[in-house]
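Below: run24.cif (mmCIF, C-alpha atoms and all ligand atoms)
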data_data
loop_
_atom_site.group_PDB
_atom_site.id
_atom_site.type_symbol
_atom_site.label_atom_id
_atom_site.label_comp_id
_atom_site.auth_asym_id
_atom_site.auth_seq_id
_atom_site.Cartn_x
_atom_site.Cartn_y
_atom_site.Cartn_z
ATOM 1 C CA MET A 480 3.639 -8.557 -22.642
ATOM 2 C CA ASN A 481 0.212 -7.322 -23.787
ATOM 3 C CA ASP A 482 -0.816 -3.730 -24.541
ATOM 4 C CA ASN A 483 -2.215 -3.044 -21.061
ATOM 5 C CA GLN A 484 0.957 -4.174 -19.346
ATOM 6 C CA ALA A 485 2.952 -2.025 -21.746
ATOM 7 C CA LYS A 486 1.378 1.128 -20.302
ATOM 8 C CA LEU A 487 3.229 2.224 -17.209
ATOM 9 C CA PRO A 488 1.173 3.521 -14.290
ATOM 10 C CA ALA A 489 1.463 7.255 -13.598
ATOM 11 C CA PHE A 490 4.023 8.096 -10.919
ATOM 12 C CA VAL A 491 5.794 10.987 -9.235
ATOM 13 C CA ASP A 492 9.611 10.894 -9.095
ATOM 14 C CA GLU A 493 11.119 13.510 -6.787
ATOM 15 C CA GLY A 494 14.362 14.190 -4.967
ATOM 16 C CA GLN A 495 17.804 12.656 -5.163
ATOM 17 C CA GLY A 496 19.594 9.964 -3.222
ATOM 18 C CA ASP A 497 18.749 6.444 -2.155
ATOM 19 C CA PRO A 498 15.451 5.545 -3.832
ATOM 20 C CA ILE A 499 12.275 4.613 -2.002
ATOM 21 C CA VAL A 500 8.978 3.587 -3.605
ATOM 22 C CA LEU A 501 5.752 4.353 -1.694
ATOM 23 C CA LEU A 502 2.762 2.088 -2.434
ATOM 24 C CA HIS A 503 -0.665 3.399 -1.549
ATOM 25 C CA ALA A 504 -3.601 1.839 0.282
ATOM 26 C CA PHE A 505 -7.054 0.937 -0.993
ATOM 27 C CA PRO A 506 -9.214 2.716 -2.145
ATOM 28 C CA LEU A 507 -6.877 5.692 -2.343
ATOM 29 C CA ASP A 508 -4.082 6.854 -4.660
ATOM 30 C CA GLY A 509 -0.512 8.112 -4.486
ATOM 31 C CA THR A 510 -1.551 11.467 -3.047
ATOM 32 C CA MET A 511 -2.122 9.760 0.317
ATOM 33 C CA TRP A 512 1.696 9.923 0.539
ATOM 34 C CA ASP A 513 1.962 13.692 -0.069
ATOM 35 C CA ASN A 514 3.325 14.380 3.406
ATOM 36 C CA GLU A 515 5.903 11.576 3.234
ATOM 37 C CA ARG A 516 6.852 12.400 -0.369
ATOM 38 C CA ILE A 517 7.622 16.008 0.535
ATOM 39 C CA ALA A 518 9.552 15.112 3.693
ATOM 40 C CA LEU A 519 11.525 12.164 2.300
ATOM 41 C CA SER A 520 12.435 13.843 -0.989
ATOM 42 C CA GLN A 521 14.608 16.329 0.946
ATOM 43 C CA SER A 522 17.200 13.571 1.273
ATOM 44 C CA ARG A 523 16.099 10.720 -1.017
ATOM 45 C CA ARG A 524 14.677 9.887 -4.392
ATOM 46 C CA VAL A 525 10.986 9.194 -3.812
ATOM 47 C CA VAL A 526 8.842 7.370 -6.374
ATOM 48 C CA VAL A 527 5.091 7.319 -5.802
ATOM 49 C CA PRO A 528 2.942 5.405 -8.305
ATOM 50 C CA ASP A 529 -0.791 5.729 -8.742
ATOM 51 C CA LEU A 530 -1.366 1.995 -9.076
ATOM 52 C CA ARG A 531 -3.226 1.005 -12.244
ATOM 53 C CA GLY A 532 -6.941 1.628 -11.724
ATOM 54 C CA PHE A 533 -6.342 4.483 -9.236
ATOM 55 C CA GLY A 534 -5.673 8.216 -9.330
ATOM 56 C CA ARG A 535 -4.001 9.353 -12.549
ATOM 57 C CA SER A 536 -3.792 5.695 -13.598
ATOM 58 C CA GLY A 537 -7.578 5.391 -13.205
ATOM 59 C CA LYS A 538 -8.144 5.115 -16.930
ATOM 60 C CA LEU A 539 -5.644 2.279 -17.414
ATOM 61 C CA PRO A 540 -7.246 -1.151 -17.403
ATOM 62 C CA PRO A 541 -6.611 -2.447 -13.870
ATOM 63 C CA PRO A 542 -4.616 -5.641 -13.390
ATOM 64 C CA GLY A 543 -6.300 -8.812 -12.220
ATOM 65 C CA SER A 544 -3.750 -9.588 -9.525
ATOM 66 C CA LEU A 545 -1.521 -7.906 -6.968
ATOM 67 C CA ASP A 546 1.441 -9.681 -8.591
ATOM 68 C CA GLU A 547 0.872 -7.555 -11.696
ATOM 69 C CA HIS A 548 0.959 -4.397 -9.552
ATOM 70 C CA ALA A 549 4.285 -5.616 -8.110
ATOM 71 C CA ASP A 550 5.597 -6.162 -11.639
ATOM 72 C CA ASP A 551 4.442 -2.627 -12.528
ATOM 73 C CA VAL A 552 6.655 -1.349 -9.702
ATOM 74 C CA ALA A 553 9.621 -3.245 -11.166
ATOM 75 C CA ARG A 554 8.848 -1.804 -14.618
ATOM 76 C CA ILE A 555 8.698 1.748 -13.215
ATOM 77 C CA MET A 556 12.096 1.128 -11.604
ATOM 78 C CA ASP A 557 13.444 -0.173 -14.929
ATOM 79 C CA HIS A 558 12.083 2.919 -16.671
ATOM 80 C CA LEU A 559 13.794 5.186 -14.135
ATOM 81 C CA GLY A 560 17.073 3.257 -14.172
ATOM 82 C CA ILE A 561 16.666 2.227 -10.525
ATOM 83 C CA GLU A 562 18.149 -1.192 -9.897
ATOM 84 C CA ARG A 563 17.323 -1.534 -6.177
ATOM 85 C CA ALA A 564 15.083 0.463 -3.872
ATOM 86 C CA ALA A 565 13.464 0.537 -0.472
ATOM 87 C CA VAL A 566 9.779 -0.279 -0.819
ATOM 88 C CA ALA A 567 7.139 0.945 1.614
ATOM 89 C CA GLY A 568 3.520 -0.129 1.365
ATOM 90 C CA LEU A 569 0.513 0.616 3.507
ATOM 91 C CA SER A 570 -2.226 -2.011 3.678
ATOM 92 C CA MET A 571 -2.959 -2.940 0.025
ATOM 93 C CA GLY A 572 0.411 -1.327 -0.714
ATOM 94 C CA GLY A 573 1.877 -3.776 1.812
ATOM 95 C CA TYR A 574 0.229 -6.742 0.082
ATOM 96 C CA ILE A 575 1.903 -5.536 -3.124
ATOM 97 C CA ALA A 576 5.209 -5.106 -1.271
ATOM 98 C CA PHE A 577 4.972 -8.785 -0.232
ATOM 99 C CA ALA A 578 4.406 -9.698 -3.894
ATOM 100 C CA PHE A 579 7.390 -7.539 -4.860
ATOM 101 C CA ALA A 580 9.557 -9.259 -2.209
ATOM 102 C CA ARG A 581 8.496 -12.648 -3.605
ATOM 103 C CA ARG A 582 8.896 -11.804 -7.302
ATOM 104 C CA HIS A 583 11.792 -9.311 -7.269
ATOM 105 C CA PRO A 584 13.768 -10.006 -4.066
ATOM 106 C CA HIS A 585 17.108 -8.895 -5.535
ATOM 107 C CA ARG A 586 15.670 -5.409 -6.194
ATOM 108 C CA LEU A 587 14.754 -4.762 -2.565
ATOM 109 C CA VAL A 588 17.010 -2.842 -0.184
ATOM 110 C CA ARG A 589 14.628 -2.282 2.715
ATOM 111 C CA LEU A 590 10.992 -2.944 3.389
ATOM 112 C CA VAL A 591 8.405 -0.892 5.276
ATOM 113 C CA LEU A 592 5.146 -2.743 5.910
ATOM 114 C CA ALA A 593 2.549 -0.409 7.378
ATOM 115 C CA ASP A 594 -0.873 -1.515 8.589
ATOM 116 C CA THR A 595 -0.811 -4.628 6.483
ATOM 117 C CA ARG A 596 -1.078 -8.365 7.037
ATOM 118 C CA SER A 597 0.599 -11.398 5.555
ATOM 119 C CA ALA A 598 -2.469 -13.618 6.043
ATOM 120 C CA PRO A 599 -4.890 -14.024 3.129
ATOM 121 C CA ASP A 600 -8.584 -13.169 3.359
ATOM 122 C CA SER A 601 -10.687 -15.526 5.478
ATOM 123 C CA VAL A 602 -13.810 -17.131 4.007
ATOM 124 C CA ASP A 603 -15.869 -14.318 5.569
ATOM 125 C CA GLY A 604 -13.405 -11.750 4.285
ATOM 126 C CA ARG A 605 -13.704 -13.107 0.751
ATOM 127 C CA ARG A 606 -17.486 -12.992 1.021
ATOM 128 C CA GLY A 607 -17.212 -9.375 2.192
ATOM 129 C CA ARG A 608 -15.079 -8.529 -0.851
ATOM 130 C CA ASP A 609 -17.804 -9.965 -3.130
ATOM 131 C CA GLU A 610 -20.450 -7.873 -1.354
ATOM 132 C CA ASN A 611 -18.305 -4.775 -1.771
ATOM 133 C CA ILE A 612 -17.762 -5.518 -5.467
ATOM 134 C CA ALA A 613 -21.534 -5.784 -5.890
ATOM 135 C CA LEU A 614 -22.027 -2.520 -3.980
ATOM 136 C CA VAL A 615 -19.519 -0.669 -6.157
ATOM 137 C CA ARG A 616 -21.095 -2.051 -9.330
ATOM 138 C CA SER A 617 -24.615 -1.095 -8.320
ATOM 139 C CA GLU A 618 -24.094 2.181 -6.412
ATOM 140 C CA GLY A 619 -20.581 3.395 -7.192
ATOM 141 C CA VAL A 620 -17.548 4.035 -5.014
ATOM 142 C CA PRO A 621 -18.743 6.711 -2.486
ATOM 143 C CA PRO A 622 -21.135 4.327 -0.638
ATOM 144 C CA LEU A 623 -18.271 1.827 -0.294
ATOM 145 C CA VAL A 624 -16.040 4.539 1.151
ATOM 146 C CA GLU A 625 -18.766 5.373 3.718
ATOM 147 C CA ARG A 626 -18.961 1.696 4.635
ATOM 148 C CA LEU A 627 -15.169 1.466 5.033
ATOM 149 C CA LEU A 628 -14.513 4.743 6.862
ATOM 150 C CA PRO A 629 -15.093 3.395 10.403
ATOM 151 C CA LYS A 630 -12.471 0.720 9.716
ATOM 152 C CA LEU A 631 -9.989 2.937 7.910
ATOM 153 C CA LEU A 632 -9.840 5.585 10.647
ATOM 154 C CA SER A 633 -10.065 5.518 14.421
ATOM 155 C CA PRO A 634 -12.873 7.402 16.183
ATOM 156 C CA LYS A 635 -10.194 9.942 17.187
ATOM 157 C CA ALA A 636 -9.377 10.907 13.578
ATOM 158 C CA SER A 637 -9.838 14.627 12.930
ATOM 159 C CA PRO A 638 -12.733 15.830 10.733
ATOM 160 C CA GLU A 639 -10.111 17.058 8.223
ATOM 161 C CA VAL A 640 -8.648 13.569 7.854
ATOM 162 C CA VAL A 641 -12.129 12.043 7.500
ATOM 163 C CA THR A 642 -12.949 14.588 4.780
ATOM 164 C CA ARG A 643 -9.661 13.882 3.005
ATOM 165 C CA VAL A 644 -10.161 10.106 2.967
ATOM 166 C CA ARG A 645 -13.768 10.515 1.821
ATOM 167 C CA ALA A 646 -12.652 12.762 -1.065
ATOM 168 C CA LEU A 647 -9.664 10.612 -1.987
ATOM 169 C CA GLY A 648 -11.646 7.383 -2.011
ATOM 170 C CA GLY A 649 -14.746 8.897 -3.579
ATOM 171 C CA ARG A 650 -12.908 10.054 -6.691
ATOM 172 C CA GLN A 651 -11.648 6.585 -7.673
ATOM 173 C CA THR A 652 -13.310 4.677 -10.514
ATOM 174 C CA ALA A 653 -15.701 1.786 -9.932
ATOM 175 C CA GLU A 654 -13.687 -0.333 -12.360
ATOM 176 C CA GLY A 655 -10.398 0.236 -10.553
ATOM 177 C CA VAL A 656 -11.899 -0.265 -7.102
ATOM 178 C CA GLY A 657 -13.794 -3.413 -8.143
ATOM 179 C CA ALA A 658 -10.668 -4.936 -9.706
ATOM 180 C CA ALA A 659 -8.579 -4.174 -6.610
ATOM 181 C CA LEU A 660 -11.209 -5.782 -4.357
ATOM 182 C CA ALA A 661 -11.036 -8.945 -6.451
ATOM 183 C CA ALA A 662 -7.218 -8.895 -6.504
ATOM 184 C CA MET A 663 -7.059 -8.491 -2.707
ATOM 185 C CA ARG A 664 -9.655 -11.264 -2.264
ATOM 186 C CA ASP A 665 -7.532 -13.636 -4.347
ATOM 187 C CA ARG A 666 -4.108 -12.745 -2.934
ATOM 188 C CA PRO A 667 -2.002 -15.645 -1.669
ATOM 189 C CA ASP A 668 -0.840 -16.150 1.898
ATOM 190 C CA ALA A 669 2.404 -14.173 2.293
ATOM 191 C CA THR A 670 3.221 -15.707 5.699
ATOM 192 C CA PRO A 671 5.483 -18.447 4.248
ATOM 193 C CA ILE A 672 7.790 -15.871 2.653
ATOM 194 C CA LEU A 673 8.383 -13.875 5.858
ATOM 195 C CA PRO A 674 11.357 -15.932 7.170
ATOM 196 C CA GLY A 675 13.066 -15.523 3.769
ATOM 197 C CA ILE A 676 12.866 -11.722 3.658
ATOM 198 C CA ALA A 677 16.551 -10.873 3.735
ATOM 199 C CA VAL A 678 16.460 -7.076 4.051
ATOM 200 C CA PRO A 679 15.995 -4.825 7.091
ATOM 201 C CA SER A 680 12.260 -4.393 7.580
ATOM 202 C CA LEU A 681 10.084 -2.042 9.563
ATOM 203 C CA ILE A 682 6.558 -2.996 10.562
ATOM 204 C CA ILE A 683 4.363 -0.025 11.441
ATOM 205 C CA VAL A 684 0.890 -0.421 12.892
ATOM 206 C CA GLY A 685 -1.721 1.850 14.394
ATOM 207 C CA GLU A 686 -2.570 0.825 17.936
ATOM 208 C CA ALA A 687 -6.281 0.932 17.007
ATOM 209 C CA ASP A 688 -5.986 -0.691 13.567
ATOM 210 C CA SER A 689 -8.866 -3.182 13.271
ATOM 211 C CA ILE A 690 -8.141 -4.292 9.672
ATOM 212 C CA SER A 691 -4.522 -5.334 10.282
ATOM 213 C CA PRO A 692 -4.253 -5.396 14.068
ATOM 214 C CA PRO A 693 -1.107 -5.053 16.214
ATOM 215 C CA THR A 694 -1.200 -8.779 17.095
ATOM 216 C CA GLU A 695 -0.598 -9.630 13.428
ATOM 217 C CA ALA A 696 2.044 -6.921 13.089
ATOM 218 C CA ARG A 697 3.914 -8.398 16.080
ATOM 219 C CA ALA A 698 3.787 -11.872 14.528
ATOM 220 C CA MET A 699 5.206 -10.506 11.244
ATOM 221 C CA ALA A 700 7.984 -8.688 13.104
ATOM 222 C CA THR A 701 8.893 -11.970 14.795
ATOM 223 C CA ALA A 702 8.823 -13.976 11.556
ATOM 224 C CA ILE A 703 10.971 -11.599 9.466
ATOM 225 C CA PRO A 704 14.612 -12.090 10.540
ATOM 226 C CA GLU A 705 15.720 -8.435 10.541
ATOM 227 C CA ALA A 706 12.495 -6.668 11.497
ATOM 228 C CA GLU A 707 11.515 -4.033 13.991
ATOM 229 C CA LEU A 708 8.079 -2.910 15.057
ATOM 230 C CA ALA A 709 6.664 0.583 15.607
ATOM 231 C CA VAL A 710 3.207 0.850 17.160
ATOM 232 C CA ILE A 711 1.634 4.272 16.596
ATOM 233 C CA ALA A 712 -0.340 5.224 19.694
ATOM 234 C CA GLY A 713 -4.014 5.972 19.198
ATOM 235 C CA ALA A 714 -3.974 5.690 15.388
ATOM 236 C CA GLY A 715 -6.311 3.528 13.312
ATOM 237 C CA HIS A 716 -5.593 1.814 9.997
ATOM 238 C CA LEU A 717 -4.389 4.749 7.868
ATOM 239 C CA THR A 718 -1.598 5.633 10.288
ATOM 240 C CA ASN A 719 0.287 8.030 8.031
ATOM 241 C CA LEU A 720 -2.840 10.165 7.614
ATOM 242 C CA GLU A 721 -3.929 10.019 11.244
ATOM 243 C CA ALA A 722 -0.529 10.408 12.872
ATOM 244 C CA PRO A 723 1.808 11.880 10.220
ATOM 245 C CA ALA A 724 4.520 13.048 12.627
ATOM 246 C CA ALA A 725 4.790 9.727 14.466
ATOM 247 C CA PHE A 726 4.686 7.823 11.178
ATOM 248 C CA MET A 727 7.471 9.932 9.654
ATOM 249 C CA ALA A 728 9.586 9.681 12.813
ATOM 250 C CA ALA A 729 9.372 5.868 12.707
ATOM 251 C CA MET A 730 10.245 5.800 9.016
ATOM 252 C CA LEU A 731 13.192 8.185 9.301
ATOM 253 C CA LYS A 732 14.630 6.381 12.330
ATOM 254 C CA PHE A 733 14.582 3.187 10.300
ATOM 255 C CA LEU A 734 15.742 4.584 6.939
ATOM 256 C CA ASP A 735 18.539 6.688 8.421
ATOM 257 C CA ARG A 736 20.110 3.813 10.285
HETATM 258 C C1 LIG B 1 -6.341 -0.887 2.522
HETATM 259 O O1 LIG B 1 -6.290 0.019 3.356
HETATM 260 O O2 LIG B 1 -5.552 -0.937 1.571
HETATM 261 C C2 LIG B 1 -7.418 -1.934 2.647
HETATM 262 O O3 LIG B 1 -8.127 -1.710 3.809
HETATM 263 C C3 LIG B 1 -6.859 -3.321 2.635
HETATM 264 C C4 LIG B 1 -7.901 -4.381 2.718
HETATM 265 O O4 LIG B 1 -9.080 -4.100 2.497
HETATM 266 O O5 LIG B 1 -7.532 -5.544 2.983
#

Could you render the structure from this file as structure tokens?
Ligand code: MLT
Amino acid sequence: MNDNQAKLPAFVDEGQGDPIVLLHAFPLDGTMWDNERIALSQSRRVVVPDLRGFGRSGKLPPPGSLDEHADDVARIMDHLGIERAAVAGLSMGGYIAFAFARRHPHRLVRLVLADTRSAPDSVDGRRGRDENIALVRSEGVPPLVERLLPKLLSPKASPEVVTRVRALGGRQTAEGVGAALAAMRDRPDATPILPGIAVPSLIIVGEADSISPPTEARAMATAIPEAELAVIAGAGHLTNLEAPAAFMAAMLKFLDR
């Protein structure tokens, strides 16, 4: 283990009960889960990391792969004395949840995969990542957030949500965002692991999600043996921000079962 790995990402640990770890999307940080953290911590232990390179972990050297983020989650659990937990990830958080399921399957109790996809980046997608890395290096993070906004949110998103995502994304560091773009570009195909996921799983997707569309969510729900699907009407990619009540209802229905 080198010095960078030795530094744990910042995290919030709140509430008591069955633990759940919430993994944030790109290019945001753990505060995107504020609503869920507050609601879930009434009855559970909720752990919300700022992944290395983001939020309060923005000054930590970012990892070069999503596998390292997944290992960070395991190290946070070790630190907190949590042997097994439910893991919920939205989009990039979902990619990391796949890596966690592959690398630490015995530590998983349940899985929530929101607005994410098991498929790797296409050739065009990888080229787009390189363009975005160049944009962040030359102009900083806010222009990238402007470029991404129409994909992150549906046209129906409220001005408040747009402002929140703009602020959340715009405050991240160019180094962290650039490293995450490269890590997402290079992530492996998670589709082969889906049939081997042995825990109850919930797939959530916004009806209008264009980054990880409902067709892919349906295919994942079919491939994972014990999976159910919740489609959030009218929402775009960041479903928990656009439709917090529907998102929380789907999560609670699943977690309470
Ligand atoms: C995210 O919301 O985490 C990103 O849109 C994921 C991606 O760019 O593939």

Picked residues, the PyMOL selection byres (((chain A and resi 523-534) around 6) and not hetatm), expected as a ChimeraX atom specification: /A:488-501,508-509,519-520,522,535-537,539,541,651,655

Answer key for the PyMOL selection byres (((chain A and resi 507) around 6) and not hetatm), residues as a list in words: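 When the PyMOL selection byres (((chain A and resi 507) around 6) and not hetatm) is applied, the selected residues are Ala504, Phe505, Pro506, Asp508, Leu647 and Gly648 of chain A.
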
Dump as a Markdown table the rows for residues of chain A within 8 Å of ligand LIG 1 (chain B): closest atom pair and distance in Å with one decimal, all atoms listed in the file counted, ordered by chain and rising residue number.
| residue | atom | partner | partner_atom | distance |
| --- | --- | --- | --- | --- |
| A:His503 | CA | B:LIG1 | O2 | 7.2 |
| A:Ala504 | CA | B:LIG1 | O2 | 3.6 |
| A:Phe505 | CA | B:LIG1 | O2 | 3.5 |
| A:Pro506 | CA | B:LIG1 | O2 | 6.4 |
| A:Leu507 | CA | B:LIG1 | O2 | 7.8 |
| A:Leu569 | CA | B:LIG1 | O2 | 6.6 |
| A:Ser570 | CA | B:LIG1 | O2 | 4.1 |
| A:Met571 | CA | B:LIG1 | O2 | 3.6 |
| A:Gly572 | CA | B:LIG1 | O2 | 6.4 |
| A:Gly573 | CA | B:LIG1 | O2 | 8.0 |
| A:Asp594 | CA | B:LIG1 | O1 | 7.7 |
| A:Thr595 | CA | B:LIG1 | C3 | 7.3 |
| A:Asp600 | CA | B:LIG1 | O5 | 7.7 |
| A:Leu627 | CA | B:LIG1 | O3 | 7.8 |
| A:Lys630 | CA | B:LIG1 | O3 | 7.7 |
| A:Leu631 | CA | B:LIG1 | O3 | 6.5 |
| A:Leu660 | CA | B:LIG1 | O4 | 7.4 |
| A:Met663 | CA | B:LIG1 | O5 | 6.4 |
| A:Ile690 | CA | B:LIG1 | O3 | 6.4 |
| A:Ser691 | CA | B:LIG1 | O5 | 7.9 |
| A:His716 | CA | B:LIG1 | O1 | 6.9 |
| A:Leu717 | CA | B:LIG1 | O1 | 6.8 |

Got a sec: who's within 10 Å of Lys635 in chain A, counting all atoms listed in the file, leaving out chain neighbours fewer than 6 positions off, as a PyMOL selection string? chain A and resi 687+713-715+721

Do a neighbour search on range 575-577 of chain A at 7 Å with only C-alpha atoms, toss out local chain neighbours closer than 2 positions, and write the hits as a PyMOL selection string. chain A and resi 545-546+548-549+566-568+571-573+579-581+669

Figure out the distance between CA of His583 in chain A and CA of Ala553 in chain A, please, to one decimal in Å.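 We find that CA of Ala553 in chain A and CA of His583 in chain A lie 7.5 Å from each other.
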
Select, from A:Leu559, A:Ala659, A:Met511, A:Val602, the residue with the minimum atom-to-atom distance to Ala646 in chain A, counting all atoms listed in the file. A:Met511

In Å, with one decimal, what is the gap from CA of Leu720 in chain A to CA of Glu625 in chain A?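 One can read the CA of Leu720 in chain A to CA of Glu625 in chain A distance as 17.1 Å.
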
Report, in Å with one decimal, the straight-line distance from CA of Ala700 in chain A to CA of Ile682 in chain A.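 Spanning CA of Ala700 in chain A to CA of Ile682 in chain A is a straight-line distance of 6.4 Å.
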
Best match for closeness to Phe733 in chain A among A:Leu502, A:Ser689, A:Ala696, A:Arg589, counting all atoms listed in the file: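 Among A:Leu502, A:Ser689, A:Ala696, A:Arg589, it is A:Arg589 that comes nearest to Phe733 in chain A.
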
Result set, the PyMOL selection byres (((chain A and resi 730) around 10) and not hetatm) on current file, as a list in words: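 Against this file, the PyMOL selection byres (((chain A and resi 730) around 10) and not hetatm) returns the residues Glu515, Leu519, Ala567, Val591, Leu681, Ile682, Ile683, Ala709, Ala724, Ala725, Phe726, Met727, Ala728, Ala729, Leu731, Lys732, Phe733, Leu734 and Asp735 of chain A.
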
Close residues, Met699 in chain A itself excluded, 10 Å, only C-alpha atoms, min 3 positions apart in chain, as a PyMOL selection string: chain A and resi 592+595-598+670+673-674+681-682+693-696+702-704+706-708

Residue nearest Leu590 in chain A - candidates A:Ala658, A:Val710, A:Ala677, A:Leu628, atoms counted: all atoms listed in the file: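 Result for the nearest residue to Leu590 in chain A: A:Ala677.
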